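Q: So here's query.pdb (PDB, C-alpha atoms, pLDDT in the B column).
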ATOM      1  CA  MET A 110       0.000   0.000   0.000  1.00 45.00           C
ATOM      2  CA  ASP A 111       1.402   3.389  -0.969  1.00 48.00           C
ATOM      3  CA  TYR A 112       0.684   5.883   1.827  1.00 53.00           C
ATOM      4  CA  ALA A 113       2.631   8.702   0.156  1.00 57.00           C
ATOM      5  CA  GLU A 114       0.189   8.715  -2.754  1.00 63.00           C
ATOM      6  CA  GLY A 115      -2.871   8.935  -0.491  1.00 70.00           C
ATOM      7  CA  ASN A 116      -4.093   5.411  -1.184  1.00 79.00           C
ATOM      8  CA  ARG A 117      -4.781   4.636   2.453  1.00 79.00           C
ATOM      9  CA  GLN A 118      -8.394   3.629   3.078  1.00 83.00           C
ATOM     10  CA  HIS A 119     -10.475   5.915   5.288  1.00 84.00           C
ATOM     11  CA  TRP A 120     -13.868   5.475   6.875  1.00 89.00           C
ATOM     12  CA  LEU A 121     -16.621   7.790   7.983  1.00 91.00           C
ATOM     13  CA  THR A 122     -19.681   6.974  10.071  1.00 94.00           C
ATOM     14  CA  CYS A 123     -22.670   9.322  10.064  1.00 93.00           C
ATOM     15  CA  ARG A 124     -25.573   9.202  12.494  1.00 95.00           C
ATOM     16  CA  PHE A 125     -28.927  10.721  11.558  1.00 94.00           C
ATOM     17  CA  ASP A 126     -32.035  11.665  13.500  1.00 94.00           C
ATOM     18  CA  ALA A 127     -35.407  10.152  12.556  1.00 94.00           C
ATOM     19  CA  GLY A 128     -35.325  12.231   9.367  1.00 87.00           C
ATOM     20  CA  ALA A 129     -32.370  13.127   7.178  1.00 83.00           C
ATOM     21  CA  THR A 130     -30.566  15.481   9.557  1.00 88.00           C
ATOM     22  CA  ILE A 131     -27.014  14.434  10.394  1.00 91.00           C
ATOM     23  CA  ILE A 132     -26.449  14.570  14.150  1.00 94.00           C
ATOM     24  CA  ALA A 133     -23.010  12.951  14.549  1.00 95.00           C
ATOM     25  CA  LEU A 134     -19.968  12.163  12.450  1.00 94.00           C
ATOM     26  CA  THR A 135     -17.032   9.910  13.368  1.00 94.00           C
ATOM     27  CA  THR A 136     -13.892   9.266  11.361  1.00 89.00           C
ATOM     28  CA  GLU A 137     -10.871   7.083  12.129  1.00 86.00           C
ATOM     29  CA  GLY A 138     -11.614   6.964  15.826  1.00 77.00           C
ATOM     30  CA  SER A 139     -12.406  10.615  16.487  1.00 90.00           C
ATOM     31  CA  ASN A 140     -15.762  12.339  16.726  1.00 92.00           C
ATOM     32  CA  LEU A 141     -16.439  15.638  15.021  1.00 93.00           C
ATOM     33  CA  SER A 142     -17.232  18.176  17.733  1.00 94.00           C
ATOM     34  CA  GLY A 143     -20.652  19.806  17.849  1.00 93.00           C
ATOM     35  CA  SER A 144     -19.274  23.142  16.678  1.00 95.00           C
ATOM     36  CA  SER A 145     -17.350  21.515  13.808  1.00 93.00           C
ATOM     37  CA  LEU A 146     -20.461  19.607  12.734  1.00 93.00           C
ATOM     38  CA  TYR A 147     -22.446  22.858  12.821  1.00 94.00           C
ATOM     39  CA  LEU A 148     -19.856  24.599  10.619  1.00 94.00           C
ATOM     40  CA  LEU A 149     -19.785  21.685   8.177  1.00 91.00           C
ATOM     41  CA  LYS A 150     -23.567  21.780   7.861  1.00 90.00           C
ATOM     42  CA  ARG A 151     -23.855  25.570   7.762  1.00 92.00           C
ATOM     43  CA  PHE A 152     -21.110  26.320   5.275  1.00 92.00           C
ATOM     44  CA  TYR A 153     -21.217  23.233   3.058  1.00 88.00           C
ATOM     45  CA  LEU A 154     -23.894  20.590   3.545  1.00 87.00           C
ATOM     46  CA  ASP A 155     -26.776  23.098   3.585  1.00 87.00           C
ATOM     47  CA  THR A 156     -25.584  24.976   0.463  1.00 89.00           C
ATOM     48  CA  PRO A 157     -26.630  24.707  -3.190  1.00 88.00           C
ATOM     49  CA  ASP A 158     -23.060  23.582  -4.034  1.00 87.00           C
ATOM     50  CA  ALA A 159     -23.396  20.515  -1.821  1.00 84.00           C
ATOM     51  CA  GLU A 160     -26.735  19.633  -3.369  1.00 81.00           C
ATOM     52  CA  ALA A 161     -25.260  19.954  -6.873  1.00 85.00           C
ATOM     53  CA  ASP A 162     -22.301  17.716  -5.892  1.00 84.00           C
ATOM     54  CA  ASP A 163     -24.508  15.009  -4.337  1.00 78.00           C
ATOM     55  CA  PRO A 164     -24.011  11.831  -6.391  1.00 77.00           C
ATOM     56  CA  ALA A 165     -27.497  10.639  -5.410  1.00 75.00           C
ATOM     57  CA  SER A 166     -29.024  13.586  -7.278  1.00 70.00           C
ATOM     58  CA  HIS A 167     -27.435  12.604 -10.624  1.00 66.00           C
TER      59      HIS A 167
END
Write out the structure in this file as structure tokens.
A:
Amino acid sequence: MDYAEGNRQHWLTCRFDAGATIIALTTEGSNLSGSSLYLLKRFYLDTPDAEADDPASH
């Protein structure tokens, strides 16, 4: 496996409420803090750019 080229596998676990709202995100053993999750949602996930980049919408 070539780590210098960025070929290392990564994982991400998302937790959602009863609807489609993401309420927690964990990656490689660390949890995204509440403020970081808020910023991710506010400045990317809840934007038209994120909706346009969503592979499920294509």
Q: If you measure from CA of Leu154 (chain A) to CA of Gly115 (chain A), what distance in Å do you get, rounded to one decimal?
A: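 Pair CA of Leu154 (chain A) / CA of Gly115 (chain A) returns 24.4 Å.
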Q: Env of region 144-150 of chain A: 12 Å cut, atoms = all atoms listed in the file, seq-sep filter 2 positions within chain, self excluded. Answer as a list in words.
A: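 Answer for this query is Cys123, Arg124, Thr130, Ile131, Ile132, Ala133, Leu134, Thr135, Asn140, Leu141, Ser142, Phe152, Tyr153, Leu154, Asp155, Thr156, Pro157, Ala159 and Glu160 of chain A.
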Q: Since I can't run it myself right now, could you work out what the PyMOL selection byres ((chain A and resi 120) around 12) selects here and report it as a PyMOL selection string?
A: chain A and resi 117-119+121-123+134-139
Q: Selection from above, C-alpha atoms, as a tab-separated table (two decimals), in the frame of the given file, can you write it?
A:
chain	number	residue	atom	x	y	z
A	117	ARG	CA	-4.78	4.64	2.45
A	118	GLN	CA	-8.39	3.63	3.08
A	119	HIS	CA	-10.48	5.92	5.29
A	121	LEU	CA	-16.62	7.79	7.98
A	122	THR	CA	-19.68	6.97	10.07
A	123	CYS	CA	-22.67	9.32	10.06
A	134	LEU	CA	-19.97	12.16	12.45
A	135	THR	CA	-17.03	9.91	13.37
A	136	THR	CA	-13.89	9.27	11.36
A	137	GLU	CA	-10.87	7.08	12.13
A	138	GLY	CA	-11.61	6.96	15.83
A	139	SER	CA	-12.41	10.62	16.49
Q: With all atoms of region 144-159 of chain A from the file as input, state the centre and edge lengths in Å to one decimal of the axis-aligned box that has 5 Å extra on each side, as AutoDock Vina command-line options.
A:
--center_x -22.1 --center_y 23.0 --center_z 6.3 --size_x 19.4 --size_y 16.7 --size_z 30.7
